[in-house]
file coords35.txt (compact mmCIF, C-alpha atoms and all ligand atoms)
# COMPACT_ATOMS: atom_id res chain seq x y z
CA ALA A 1 0.00 0.00 0.00
CA LEU A 2 1.09 3.55 -0.60
CA SER A 3 2.22 5.61 2.34
CA ILE A 4 3.13 9.17 3.20
CA GLY A 5 6.15 9.88 5.39
CA ILE A 6 5.77 12.58 8.03
CA VAL A 7 8.84 14.77 8.52
CA GLY A 8 9.57 18.06 10.23
CA LEU A 9 11.86 19.84 12.67
CA PRO A 10 11.75 18.88 16.36
CA ASN A 11 8.97 20.47 18.43
CA VAL A 12 6.68 21.35 15.52
CA GLY A 13 3.91 18.94 16.62
CA LYS A 14 4.73 15.77 14.68
CA SER A 15 4.16 13.42 17.62
CA THR A 16 0.97 15.22 18.58
CA LEU A 17 -0.35 14.87 15.05
CA PHE A 18 0.85 11.30 14.75
CA ASN A 19 -0.80 10.33 18.02
CA ALA A 20 -4.06 11.66 16.64
CA LEU A 21 -3.51 9.64 13.47
CA THR A 22 -2.82 6.40 15.32
CA ARG A 23 -5.63 6.90 17.82
CA GLN A 24 -7.99 7.22 14.89
CA THR A 25 -6.44 4.05 13.49
CA VAL A 26 -7.46 2.14 16.59
CA LEU A 27 -10.99 3.52 16.45
CA ALA A 28 -11.27 2.78 12.76
CA ALA A 29 -9.76 -0.68 13.04
CA ASN A 30 -12.17 -1.94 10.44
CA TYR A 31 -9.42 -3.88 8.79
CA PRO A 32 -8.65 -6.99 10.83
CA PHE A 33 -6.31 -8.27 8.13
CA ALA A 34 -4.09 -5.21 8.27
CA THR A 35 -1.17 -5.46 10.64
CA ILE A 36 -0.85 -2.11 12.28
CA GLU A 37 2.71 -1.13 12.99
CA PRO A 38 3.57 1.35 15.72
CA ASN A 39 4.97 3.92 13.33
CA VAL A 40 2.08 3.70 10.87
CA GLY A 41 -1.22 5.59 11.14
CA VAL A 42 -4.03 4.53 8.83
CA VAL A 43 -6.78 7.08 8.30
CA ASN A 44 -10.06 6.75 6.53
CA LEU A 45 -10.67 8.82 3.47
CA PRO A 46 -13.99 10.56 4.17
CA ASP A 47 -16.50 9.73 1.42
CA GLU A 48 -20.17 10.61 1.82
CA ARG A 49 -21.02 8.67 -1.32
CA LEU A 50 -20.58 5.46 0.68
CA ASP A 51 -23.38 6.44 3.06
CA THR A 52 -25.63 7.07 0.07
CA LEU A 53 -24.72 3.71 -1.46
CA ALA A 54 -25.29 1.91 1.84
CA GLY A 55 -28.76 3.48 1.87
CA ILE A 56 -29.55 2.33 -1.68
CA PHE A 57 -28.22 -1.22 -1.24
CA GLY A 58 -29.08 -1.69 2.45
CA SER A 59 -25.39 -2.39 3.16
CA GLN A 60 -24.53 -3.44 6.71
CA LYS A 61 -21.01 -2.07 6.65
CA ILE A 62 -19.18 0.88 5.16
CA LEU A 63 -15.53 0.49 4.26
CA PRO A 64 -13.86 3.68 3.08
CA ALA A 65 -10.52 3.89 1.33
CA THR A 66 -7.57 4.61 3.61
CA VAL A 67 -4.36 6.58 3.55
CA SER A 68 -1.29 5.45 5.51
CA PHE A 69 1.10 7.80 7.24
CA VAL A 70 4.52 6.76 8.49
CA ASP A 71 6.22 8.60 11.32
CA ILE A 72 9.78 9.31 10.28
CA ALA A 73 12.02 10.24 13.18
CA GLY A 74 13.19 13.84 13.44
CA ILE A 75 15.43 15.58 10.98
CA VAL A 76 18.09 18.01 12.10
CA LYS A 77 20.49 20.33 10.32
CA GLY A 78 23.28 18.15 8.95
CA ALA A 79 21.12 15.03 8.49
CA SER A 80 22.37 14.63 4.92
CA GLU A 81 25.90 14.37 6.36
CA GLY A 82 24.77 11.44 8.47
CA GLU A 83 24.45 13.51 11.64
CA GLY A 84 21.96 12.40 14.28
CA LEU A 85 19.52 9.99 12.72
CA GLY A 86 20.79 10.92 9.27
CA ASN A 87 21.10 7.76 7.27
CA GLN A 88 18.24 5.81 8.78
CA PHE A 89 16.09 8.88 8.28
CA LEU A 90 16.94 9.07 4.60
CA ALA A 91 16.29 5.35 4.13
CA ASN A 92 12.82 5.75 5.69
CA ILE A 93 11.98 8.67 3.44
CA ARG A 94 13.13 6.74 0.40
CA GLU A 95 10.47 4.12 1.18
CA SER A 96 7.61 6.64 1.35
CA ASP A 97 5.55 7.48 -1.72
CA ALA A 98 5.06 11.10 -0.68
CA ILE A 99 6.37 13.43 1.99
CA ALA A 100 4.22 15.39 4.43
CA GLN A 101 6.26 18.09 6.08
CA VAL A 102 4.86 19.40 9.36
CA VAL A 103 5.67 23.08 9.80
CA ARG A 104 5.12 25.03 12.99
CA ALA A 105 2.81 27.99 12.54
CA PHE A 106 1.56 28.19 16.13
CA ASP A 107 2.74 30.63 18.72
CA ASP A 108 3.39 29.31 22.24
CA PRO A 109 6.03 30.77 24.53
CA ASP A 110 6.03 27.46 26.45
CA VAL A 111 7.13 25.43 23.44
CA ILE A 112 10.70 26.09 22.47
CA HIS A 113 11.49 26.50 18.81
CA VAL A 114 14.81 24.93 17.80
CA ASP A 115 15.89 28.18 16.14
CA GLY A 116 14.37 30.38 18.84
CA LYS A 117 11.63 31.87 16.67
CA ILE A 118 8.56 30.90 14.63
CA ASN A 119 9.42 31.13 10.98
CA PRO A 120 7.68 28.68 8.66
CA ALA A 121 9.67 29.72 5.58
CA SER A 122 13.05 29.19 7.19
CA ASP A 123 11.92 25.91 8.82
CA MET A 124 10.88 24.54 5.46
CA GLU A 125 14.17 25.66 3.99
CA THR A 126 16.10 23.82 6.72
CA ILE A 127 14.33 20.54 6.00
CA ASN A 128 14.34 20.91 2.24
CA THR A 129 18.03 21.82 2.21
CA GLU A 130 18.86 18.50 3.87
CA LEU A 131 16.77 16.59 1.33
CA ILE A 132 18.26 18.60 -1.55
CA LEU A 133 21.82 17.95 -0.34
CA ALA A 134 21.09 14.23 -0.15
CA ASP A 135 19.79 14.32 -3.75
CA LEU A 136 22.85 16.25 -4.93
CA GLN A 137 25.05 13.54 -3.43
CA THR A 138 23.04 10.93 -5.31
CA LEU A 139 23.51 12.81 -8.58
CA GLU A 140 27.20 13.42 -8.01
CA LYS A 141 27.62 9.66 -7.95
CA ALA A 142 25.25 8.92 -10.83
CA ILE A 143 26.28 11.57 -13.35
CA PRO A 144 29.92 10.45 -13.99
CA ARG A 145 28.73 6.86 -14.39
CA VAL A 146 26.01 7.80 -16.89
CA GLU A 147 28.44 10.13 -18.68
CA LYS A 148 30.77 7.21 -19.28
CA GLU A 149 27.94 5.05 -20.56
CA VAL A 150 26.80 7.76 -22.95
CA LYS A 151 30.36 8.05 -24.32
CA GLY A 152 30.43 4.28 -24.72
CA LYS A 153 27.08 4.48 -26.60
CA LYS A 154 25.39 2.33 -23.97
CA ARG A 155 22.91 5.09 -23.16
CA GLU A 156 21.20 7.98 -24.87
CA ALA A 157 22.50 11.49 -24.28
CA ALA A 158 18.98 12.46 -23.12
CA GLU A 159 19.47 10.38 -19.99
CA LEU A 160 22.50 12.40 -18.98
CA GLU A 161 20.71 15.65 -19.82
CA ALA A 162 17.79 14.69 -17.56
CA LEU A 163 20.16 14.19 -14.63
CA GLN A 164 21.99 17.45 -15.33
CA ALA A 165 18.72 19.39 -15.50
CA ALA A 166 17.77 17.96 -12.11
CA GLN A 167 21.16 18.94 -10.72
CA THR A 168 20.66 22.54 -11.87
CA VAL A 169 17.31 22.73 -10.10
CA LEU A 170 18.78 21.33 -6.87
CA GLU A 171 21.83 23.56 -7.01
CA ARG A 172 19.68 26.66 -6.99
CA GLY A 173 17.94 25.31 -3.86
CA ASP A 174 14.64 24.04 -5.28
CA THR A 175 13.09 20.61 -4.82
CA ILE A 176 12.58 18.49 -7.93
CA TYR A 177 8.86 18.21 -7.21
CA SER A 178 8.42 21.99 -7.23
CA ALA A 179 10.11 22.28 -10.63
CA ILE A 180 8.61 19.32 -12.54
CA ASP A 181 6.37 21.51 -14.67
CA SER A 182 8.31 24.77 -14.74
CA GLU A 183 11.52 23.07 -15.85
CA LYS A 184 9.81 20.31 -17.88
CA LEU A 185 11.90 17.73 -16.06
CA ASP A 186 12.05 14.28 -17.63
CA MET A 187 10.60 12.35 -14.69
CA ASP A 188 10.69 9.00 -16.48
CA ARG A 189 14.43 9.29 -16.91
CA LEU A 190 14.90 10.51 -13.34
CA ARG A 191 13.04 7.60 -11.80
CA GLU A 192 16.08 5.33 -11.84
CA VAL A 193 18.01 7.53 -9.37
CA SER A 194 14.95 7.85 -7.05
CA LEU A 195 15.54 11.34 -5.74
CA LEU A 196 13.93 12.22 -2.41
CA THR A 197 12.73 15.65 -3.50
CA ALA A 198 11.09 14.18 -6.60
CA LYS A 199 8.40 12.69 -4.35
CA PRO A 200 5.14 14.58 -4.04
CA PHE A 201 5.20 17.04 -1.12
CA ILE A 202 2.42 18.15 1.20
CA TYR A 203 2.99 20.92 3.72
CA VAL A 204 1.05 20.52 6.96
CA PHE A 205 0.94 23.80 8.83
CA ASN A 206 0.39 23.18 12.51
CA ALA A 207 -1.38 26.42 13.19
CA ASP A 208 -3.14 28.27 15.99
CA ASP A 209 -6.46 30.17 15.81
CA GLY A 210 -4.62 33.28 14.70
CA VAL A 211 -3.55 31.54 11.49
CA LEU A 212 -6.53 29.21 11.01
CA GLY A 213 -8.93 32.15 11.01
CA ASP A 214 -6.78 34.39 8.82
CA GLU A 215 -7.41 33.70 5.13
CA ALA A 216 -4.71 36.15 3.96
CA LYS A 217 -2.05 34.52 6.14
CA LYS A 218 -3.05 31.08 4.89
CA GLN A 219 -2.88 32.24 1.29
CA GLU A 220 0.61 33.60 1.92
CA LEU A 221 1.72 30.17 3.14
CA ARG A 222 -0.04 28.42 0.26
CA ASP A 223 1.80 30.62 -2.24
CA LEU A 224 5.05 29.85 -0.49
CA VAL A 225 4.72 26.09 -1.08
CA ALA A 226 2.88 26.00 -4.42
CA PRO A 227 2.62 23.85 -6.50
CA ALA A 228 2.70 21.52 -3.47
CA ASP A 229 -0.53 21.22 -1.47
CA ALA A 230 -0.96 22.88 1.92
CA VAL A 231 -3.08 21.63 4.83
CA PHE A 232 -3.84 23.79 7.86
CA LEU A 233 -4.67 22.17 11.15
CA ASP A 234 -4.20 22.45 14.89
CA ALA A 235 -2.47 19.26 16.02
CA LYS A 236 -3.53 19.75 19.62
CA LEU A 237 -7.17 20.16 18.60
CA GLU A 238 -6.89 17.07 16.39
CA SER A 239 -5.59 14.98 19.27
CA ASP A 240 -8.57 16.14 21.37
CA LEU A 241 -11.04 15.46 18.55
CA VAL A 242 -10.13 11.79 18.22
CA GLU A 243 -11.14 11.29 21.87
CA LEU A 244 -14.70 12.45 21.18
CA ASP A 245 -17.65 10.74 19.56
CA GLU A 246 -18.84 11.95 16.18
CA GLU A 247 -21.45 14.36 17.50
CA GLU A 248 -19.15 15.97 20.08
CA ALA A 249 -16.33 16.22 17.57
CA ARG A 250 -18.60 18.05 15.13
CA GLU A 251 -19.58 20.54 17.83
CA MET A 252 -15.98 21.13 18.80
CA LEU A 253 -15.00 21.73 15.18
CA GLU A 254 -17.85 24.20 14.79
CA MET A 255 -16.74 26.04 17.90
CA ASN A 256 -13.35 26.40 16.26
CA GLY A 257 -14.88 27.65 13.03
CA GLN A 258 -14.02 24.58 10.95
CA ASP A 259 -16.29 22.30 8.99
CA GLU A 260 -13.87 19.40 8.54
CA SER A 261 -11.25 17.91 10.82
CA GLY A 262 -7.60 18.40 9.94
CA LEU A 263 -7.09 14.64 9.73
CA ASP A 264 -9.86 14.37 7.14
CA GLN A 265 -8.29 17.20 5.15
CA LEU A 266 -4.92 15.53 5.43
CA ALA A 267 -6.31 12.20 4.19
CA ARG A 268 -8.04 13.88 1.25
CA THR A 269 -5.00 15.93 0.30
CA GLY A 270 -2.68 12.95 0.68
CA PHE A 271 -4.88 10.87 -1.56
CA HIS A 272 -4.91 13.61 -4.16
CA THR A 273 -1.16 14.19 -3.94
CA LEU A 274 -0.49 10.49 -4.46
CA GLY A 275 -2.49 10.59 -7.71
CA LEU A 276 -5.08 8.14 -6.47
CA GLN A 277 -8.80 7.80 -6.99
CA THR A 278 -11.51 5.41 -5.89
CA TYR A 279 -14.17 3.28 -7.43
CA LEU A 280 -17.10 1.91 -5.45
CA THR A 281 -18.78 -1.43 -4.91
CA ALA A 282 -21.98 -2.04 -2.98
CA GLY A 283 -24.24 -4.85 -1.87
CA PRO A 284 -26.18 -5.96 1.20
CA LYS A 285 -22.96 -6.82 3.04
CA GLU A 286 -20.91 -3.70 2.45
CA ALA A 287 -20.50 -0.44 0.59
CA ARG A 288 -16.85 -0.01 -0.13
CA ALA A 289 -14.34 2.28 -1.79
CA TRP A 290 -11.31 0.77 -3.53
CA THR A 291 -8.11 2.61 -4.22
CA ILE A 292 -6.61 2.75 -7.71
CA ARG A 293 -4.30 5.04 -9.61
CA LYS A 294 -5.73 7.61 -11.98
CA GLY A 295 -5.71 6.07 -15.45
CA ASP A 296 -6.02 2.44 -14.31
CA THR A 297 -8.02 0.16 -16.60
CA ALA A 298 -10.93 -2.03 -15.50
CA PRO A 299 -8.89 -5.27 -15.15
CA LYS A 300 -6.29 -3.45 -13.05
CA ALA A 301 -9.05 -2.10 -10.83
CA ALA A 302 -10.52 -5.60 -10.48
CA GLY A 303 -7.10 -6.80 -9.36
CA VAL A 304 -7.28 -4.56 -6.30
CA ILE A 305 -10.14 -6.73 -5.01
CA HIS A 306 -8.45 -9.99 -5.91
CA THR A 307 -5.68 -10.99 -8.31
CA ASP A 308 -8.03 -13.67 -9.71
CA PHE A 309 -10.43 -10.92 -10.71
CA GLU A 310 -7.76 -9.34 -12.86
CA ARG A 311 -6.57 -12.59 -14.42
CA GLY A 312 -10.08 -13.83 -15.18
CA PHE A 313 -11.54 -10.45 -16.08
CA ILE A 314 -14.40 -10.62 -18.59
CA LYS A 315 -16.14 -7.29 -18.25
CA ALA A 316 -17.26 -4.65 -15.80
CA GLU A 317 -20.84 -3.57 -15.22
CA ILE A 318 -20.59 0.13 -14.47
CA VAL A 319 -22.91 2.95 -13.51
CA SER A 320 -21.67 6.37 -12.45
CA PHE A 321 -22.48 7.32 -8.89
CA GLY A 322 -24.45 10.35 -10.14
CA ASP A 323 -26.61 8.26 -12.49
CA LEU A 324 -27.27 5.67 -9.80
CA VAL A 325 -28.43 8.30 -7.31
CA ALA A 326 -30.53 10.08 -9.97
CA THR A 327 -32.35 6.87 -10.93
CA GLY A 328 -32.59 5.59 -7.35
CA SER A 329 -31.60 1.93 -7.68
CA MET A 330 -29.54 -0.48 -9.73
CA SER A 331 -32.60 -1.88 -11.54
CA ASP A 332 -33.92 1.61 -12.32
CA ALA A 333 -30.48 2.60 -13.60
CA LYS A 334 -30.52 -0.49 -15.84
CA ALA A 335 -34.02 0.28 -17.11
CA ALA A 336 -32.89 3.82 -17.94
CA GLY A 337 -29.93 2.48 -19.92
CA LYS A 338 -27.41 4.00 -17.51
CA VAL A 339 -25.57 0.78 -16.74
CA ARG A 340 -22.71 0.13 -19.17
CA MET A 341 -20.77 -3.03 -19.98
CA GLU A 342 -17.11 -2.09 -20.21
CA GLY A 343 -14.23 -4.22 -21.47
CA LYS A 344 -10.51 -4.61 -20.85
CA GLU A 345 -9.53 -1.23 -22.29
CA TYR A 346 -11.90 0.84 -20.17
CA VAL A 347 -10.22 3.52 -18.08
CA MET A 348 -11.86 3.80 -14.67
CA GLN A 349 -13.49 7.08 -13.66
CA ASP A 350 -13.70 8.40 -10.13
CA GLY A 351 -16.94 7.29 -8.49
CA ASP A 352 -17.72 4.46 -10.89
CA VAL A 353 -20.01 1.98 -9.15
CA VAL A 354 -18.84 -1.40 -10.36
CA GLU A 355 -19.61 -5.07 -10.51
CA PHE A 356 -16.97 -7.21 -12.17
CA ARG A 357 -17.64 -10.34 -14.24
CA PHE A 358 -14.80 -12.78 -14.28
CA ASN A 359 -13.78 -16.42 -14.84
CA VAL A 360 -12.15 -18.27 -11.99
P1 LIG A 401 7.58 16.97 17.65
O1 LIG A 401 8.90 17.12 18.30
O2 LIG A 401 7.55 17.60 16.30
O3 LIG A 401 7.07 15.57 17.62
O4 LIG A 401 6.56 17.85 18.50
P2 LIG A 401 5.51 17.41 19.63
O5 LIG A 401 4.29 16.85 19.01
O6 LIG A 401 6.19 16.62 20.67
O7 LIG A 401 5.12 18.85 20.18
C1 LIG A 401 6.06 19.66 20.87
C2 LIG A 401 5.32 20.49 21.89
O8 LIG A 401 4.43 21.39 21.21
C3 LIG A 401 4.46 19.67 22.84
O9 LIG A 401 4.54 20.25 24.10
C4 LIG A 401 3.06 19.83 22.26
O10 LIG A 401 2.08 19.74 23.27
C5 LIG A 401 3.11 21.22 21.68
N1 LIG A 401 2.20 21.37 20.54
C6 LIG A 401 2.03 20.52 19.50
N2 LIG A 401 1.10 21.00 18.66
C7 LIG A 401 0.67 22.16 19.18
C8 LIG A 401 -0.30 23.14 18.76
O11 LIG A 401 -0.96 23.01 17.74
N3 LIG A 401 -0.44 24.24 19.57
C9 LIG A 401 0.28 24.41 20.71
N4 LIG A 401 0.10 25.51 21.44
N5 LIG A 401 1.18 23.51 21.13
C10 LIG A 401 1.38 22.41 20.38
call {"tool": "encode", "arguments": {"input": "coords35.txt", "output": "C-alpha cells", "more": "lines below"}}
Ligand code: GDP
result
Amino acid sequence: ALSIGIVGLPNVGKSTLFNALTRQTVLAANYPFATIEPNVGVVNLPDERLDTLAGIFGSQKILPATVSFVDIAGIVKGASEGEGLGNQFLANIRESDAIAQVVRAFDDPDVIHVDGKINPASDMETINTELILADLQTLEKAIPRVEKEVKGKKREAAELEALQAAQTVLERGDTIYSAIDSEKLDMDRLREVSLLTAKPFIYVFNADDGVLGDEAKKQELRDLVAPADAVFLDAKLESDLVELDEEEAREMLEMNGQDESGLDQLARTGFHTLGLQTYLTAGPKEARAWTIRKGDTAPKAAGVIHTDFERGFIKAEIVSFGDLVATGSMSDAKAAGKVRMEGKEYVMQDGDVVEFRFNV
C-alpha cells in the first residue's frame, strides 16, 4: 500500500499529530487483516457517497478507502551528512511514496522553537536543504557513471541531460517536485536515481487560531509552497477530537470555526497528492471504496479486489455514482440504460459503481 512519510523539525507537533492519526487508526480498526505497525497511522478517506450507497443497497457495513502515514524520526540540520539519525532517516523517506512536512505555525512561549523563533519559511528551507543535499550527493555519484555510458554508446544522451537538468534545479535550492512543470523535467528518466525531493510534497501547517482564522495569512503560506498542497490544522485540537464521539467532535470543530477535521483534510489531500482515486462497490454486506491510480483500466481495478479478478476479467458492469443516485436503484439505472458493460480497455473514472464479471 502507498504511504506518506511525516517529517519536520523537532517540536513542531509531529508526535501530537501522529498520536491523533494512530488513535484514529485504533478507532477505525475496520481492517482486521491489516497489521498495524507502531509507526504507521491509517486514516479513513472521508467519502459521503458510501453512506448514500449503503442506503440504496441496504449495506450493513461501510468500508472507506484509507491513507497510511509513516512517522519518520526527526530531521536536524546536517542530516544529509549522516548527523543524528541521518542515514536511517533518509532510508525511511526513500520508502515513502510522498512526503508530508509538518511546519510550525503556532505561537506558544512554552514550546521552544529549535531556532528560537517561529518562521515557517526558514523551517521549510532547513528541512528541504537536507533533502536537496542528499539528492545532490546521489547525482554526483550517478552523473559520472552515466556520462561514461553515454560516451560508450550504452545510453542515450537524453538520460545524462535529464540528470543534469535535475542537478541545476537542486543547485539553486529548489526541490525536484516543485520544478517538474516549470523546468519540464524528464521524470521517467529521473526515476532510476529515485531522488527524495522528486516525491510529491504536502505541507502541513500546525497552526493556531490566529492563522486558522486568517485567510490572507493562509494564502501567503499556500503561495510559499505552491505547487505543493498545503493543509492547515491544529495538532492539539486534532488529538482532542479523536477522543470524542462523532457528534461531540462536530460541535468542537464548529466552535473552532471549521467544517472538517484536519485529519480528514490531510487524508483527502494525501490521496490527491499520491495521484489516487476510488471506485465503489456495494451490496447488502458492504459499501466499499477501492483505491486505484488515476488512469487504471478495469482489469487493473478488479485486481485490487483480488488478483483472480484481474486474471479472469471478462467485463465490468458500471454505472456512475451520479446516475445511480438520480435513478434511485440499480434496476432503475438499468431500465434507464445507464448501466454500461465495459471491457478490458476501459479507463476507470472516479466514483464508478462497479460489478466485475470474471472467470475463476
Ligand atoms: P515533535 O517534536 O515535532 O514531535 O513535536 P511534539 O508533538 O512533541 O510537540 C512539541 C510540543 O508542542 C508539545 O509540548 C506539544 O504539546 C506542543 N504542541 C504541539 N502542537 C501544538 C499546537 O498546535 N499548539 C500548541 N500551542 N502547542 C502544540
call {"tool": "residues_around", "arguments": {"input": "coords35.txt", "residues": "Phe57 of chain A", "least_positions_apart": "5", "cutoff": "12 Å", "atoms": "only C-alpha atoms", "output": "PyMOL selection string"}}
result
chain A and resi 50-52+62+281-288+324-325+328-331+353
call {"tool": "residues_around", "arguments": {"input": "coords35.txt", "residues": "Ala162 of chain A", "least_positions_apart": "6", "cutoff": "9 Å", "atoms": "all atoms listed in the file", "output": "VMD selection string"}}
result
chain A and resid 185 to 187 189 to 190
call {"tool": "closest_residue", "arguments": {"input": "coords35.txt", "among": "A:Thr168, A:Asn119, A:Thr278, A:Ser59", "to": "Pro46 of chain A", "atoms": "all atoms listed in the file"}}
result
A:Thr278
call {"tool": "residues_near_ligand", "arguments": {"input": "coords35.txt", "ligand": "ligand LIG 401 (chain A)", "cutoff": "8 Å", "atoms": "only C-alpha atoms and all ligand atoms", "output": "MDAnalysis selection string"}}
result
chainID A and resid 8:18 74 102 104 106:108 110:112 206:208 233:237
call {"tool": "write_last_selection", "arguments": {"input": "coords35.txt", "atoms": "C-alpha atoms", "output": "PDB file, keeping the file's coordinate frame"}}
result
ATOM      1  CA  GLY A   8       9.570  18.060  10.230  1.00  0.00           C
ATOM      2  CA  LEU A   9      11.860  19.840  12.670  1.00  0.00           C
ATOM      3  CA  PRO A  10      11.750  18.880  16.360  1.00  0.00           C
ATOM      4  CA  ASN A  11       8.970  20.470  18.430  1.00  0.00           C
ATOM      5  CA  VAL A  12       6.680  21.350  15.520  1.00  0.00           C
ATOM      6  CA  GLY A  13       3.910  18.940  16.620  1.00  0.00           C
ATOM      7  CA  LYS A  14       4.730  15.770  14.680  1.00  0.00           C
ATOM      8  CA  SER A  15       4.160  13.420  17.620  1.00  0.00           C
ATOM      9  CA  THR A  16       0.970  15.220  18.580  1.00  0.00           C
ATOM     10  CA  LEU A  17      -0.350  14.870  15.050  1.00  0.00           C
ATOM     11  CA  PHE A  18       0.850  11.300  14.750  1.00  0.00           C
ATOM     12  CA  GLY A  74      13.190  13.840  13.440  1.00  0.00           C
ATOM     13  CA  VAL A 102       4.860  19.400   9.360  1.00  0.00           C
ATOM     14  CA  ARG A 104       5.120  25.030  12.990  1.00  0.00           C
ATOM     15  CA  PHE A 106       1.560  28.190  16.130  1.00  0.00           C
ATOM     16  CA  ASP A 107       2.740  30.630  18.720  1.00  0.00           C
ATOM     17  CA  ASP A 108       3.390  29.310  22.240  1.00  0.00           C
ATOM     18  CA  ASP A 110       6.030  27.460  26.450  1.00  0.00           C
ATOM     19  CA  VAL A 111       7.130  25.430  23.440  1.00  0.00           C
ATOM     20  CA  ILE A 112      10.700  26.090  22.470  1.00  0.00           C
ATOM     21  CA  ASN A 206       0.390  23.180  12.510  1.00  0.00           C
ATOM     22  CA  ALA A 207      -1.380  26.420  13.190  1.00  0.00           C
ATOM     23  CA  ASP A 208      -3.140  28.270  15.990  1.00  0.00           C
ATOM     24  CA  LEU A 233      -4.670  22.170  11.150  1.00  0.00           C
ATOM     25  CA  ASP A 234      -4.200  22.450  14.890  1.00  0.00           C
ATOM     26  CA  ALA A 235      -2.470  19.260  16.020  1.00  0.00           C
ATOM     27  CA  LYS A 236      -3.530  19.750  19.620  1.00  0.00           C
ATOM     28  CA  LEU A 237      -7.170  20.160  18.600  1.00  0.00           C
TER      29      LEU A 237
END
call {"tool": "atom_distance", "arguments": {"input": "coords35.txt", "atom1": "atom CA of Asn44 of chain A", "atom2": "atom CA of Ala267 of chain A"}}
result
7.0 Å
call {"tool": "closest_residue", "arguments": {"input": "coords35.txt", "among": "A:Arg293, A:Val204, A:Gln24, A:Val103", "to": "Glu246 of chain A", "atoms": "only C-alpha atoms"}}
result
A:Gln24
call {"tool": "closest_residue", "arguments": {"input": "coords35.txt", "among": "A:Leu244, A:Leu212, A:Leu131, A:Leu139", "to": "Asp174 of chain A", "atoms": "only C-alpha atoms"}}
result
A:Leu131
call {"tool": "residues_around", "arguments": {"input": "coords35.txt", "residues": "Gln164 of chain A", "least_positions_apart": "4", "cutoff": "10 Å", "atoms": "all atoms listed in the file", "output": "compact mmCIF listing (two decimals) with C-alpha atoms, keeping the file's coordinate frame"}}
result
# COMPACT_ATOMS: atom_id res chain seq x y z
CA LEU A 139 23.51 12.81 -8.58
CA GLU A 140 27.20 13.42 -8.01
CA ILE A 143 26.28 11.57 -13.35
CA ALA A 158 18.98 12.46 -23.12
CA GLU A 159 19.47 10.38 -19.99
CA LEU A 160 22.50 12.40 -18.98
CA THR A 168 20.66 22.54 -11.87
CA VAL A 169 17.31 22.73 -10.10
CA LEU A 170 18.78 21.33 -6.87
call {"tool": "atom_distance", "arguments": {"input": "coords35.txt", "atom1": "atom CA of Ala121 of chain A", "atom2": "atom CA of Thr197 of chain A"}}
result
17.0 Å
call {"tool": "build_atoms", "arguments": {"input": "coords35.txt", "residues": "segment 240-251 of chain A", "atoms": "N, CA and C atoms", "output": "PDB file, keeping the file's coordinate frame"}}
result
ATOM      1  N   ASP A 240      -7.375  16.114  20.520  1.00  0.00           N
ATOM      2  CA  ASP A 240      -8.570  16.140  21.370  1.00  0.00           C
ATOM      3  C   ASP A 240      -9.770  15.554  20.630  1.00  0.00           C
ATOM      4  N   LEU A 241      -9.884  15.893  19.348  1.00  0.00           N
ATOM      5  CA  LEU A 241     -11.040  15.460  18.550  1.00  0.00           C
ATOM      6  C   LEU A 241     -11.182  13.944  18.494  1.00  0.00           C
ATOM      7  N   VAL A 242     -10.047  13.246  18.368  1.00  0.00           N
ATOM      8  CA  VAL A 242     -10.130  11.790  18.220  1.00  0.00           C
ATOM      9  C   VAL A 242     -10.627  11.105  19.497  1.00  0.00           C
ATOM     10  N   GLU A 243     -10.633  11.848  20.612  1.00  0.00           N
ATOM     11  CA  GLU A 243     -11.140  11.290  21.870  1.00  0.00           C
ATOM     12  C   GLU A 243     -12.666  11.363  21.947  1.00  0.00           C
ATOM     13  N   LEU A 244     -13.256  12.175  21.079  1.00  0.00           N
ATOM     14  CA  LEU A 244     -14.700  12.450  21.180  1.00  0.00           C
ATOM     15  C   LEU A 244     -15.510  11.566  20.244  1.00  0.00           C
ATOM     16  N   ASP A 245     -16.815  11.431  20.536  1.00  0.00           N
ATOM     17  CA  ASP A 245     -17.650  10.740  19.560  1.00  0.00           C
ATOM     18  C   ASP A 245     -17.999  11.726  18.441  1.00  0.00           C
ATOM     19  N   GLU A 246     -18.628  11.183  17.396  1.00  0.00           N
ATOM     20  CA  GLU A 246     -18.840  11.950  16.180  1.00  0.00           C
ATOM     21  C   GLU A 246     -19.550  13.281  16.420  1.00  0.00           C
ATOM     22  N   GLU A 247     -20.622  13.179  17.207  1.00  0.00           N
ATOM     23  CA  GLU A 247     -21.450  14.360  17.500  1.00  0.00           C
ATOM     24  C   GLU A 247     -20.632  15.440  18.228  1.00  0.00           C
ATOM     25  N   GLU A 248     -19.956  15.018  19.291  1.00  0.00           N
ATOM     26  CA  GLU A 248     -19.150  15.970  20.080  1.00  0.00           C
ATOM     27  C   GLU A 248     -18.036  16.576  19.239  1.00  0.00           C
ATOM     28  N   ALA A 249     -17.429  15.742  18.405  1.00  0.00           N
ATOM     29  CA  ALA A 249     -16.330  16.220  17.570  1.00  0.00           C
ATOM     30  C   ALA A 249     -16.827  17.300  16.615  1.00  0.00           C
ATOM     31  N   ARG A 250     -18.029  17.075  16.052  1.00  0.00           N
ATOM     32  CA  ARG A 250     -18.600  18.050  15.130  1.00  0.00           C
ATOM     33  C   ARG A 250     -18.811  19.391  15.834  1.00  0.00           C
ATOM     34  N   GLU A 251     -19.339  19.304  17.063  1.00  0.00           N
ATOM     35  CA  GLU A 251     -19.580  20.540  17.830  1.00  0.00           C
ATOM     36  C   GLU A 251     -18.282  21.285  18.106  1.00  0.00           C
TER      37      GLU A 251
END
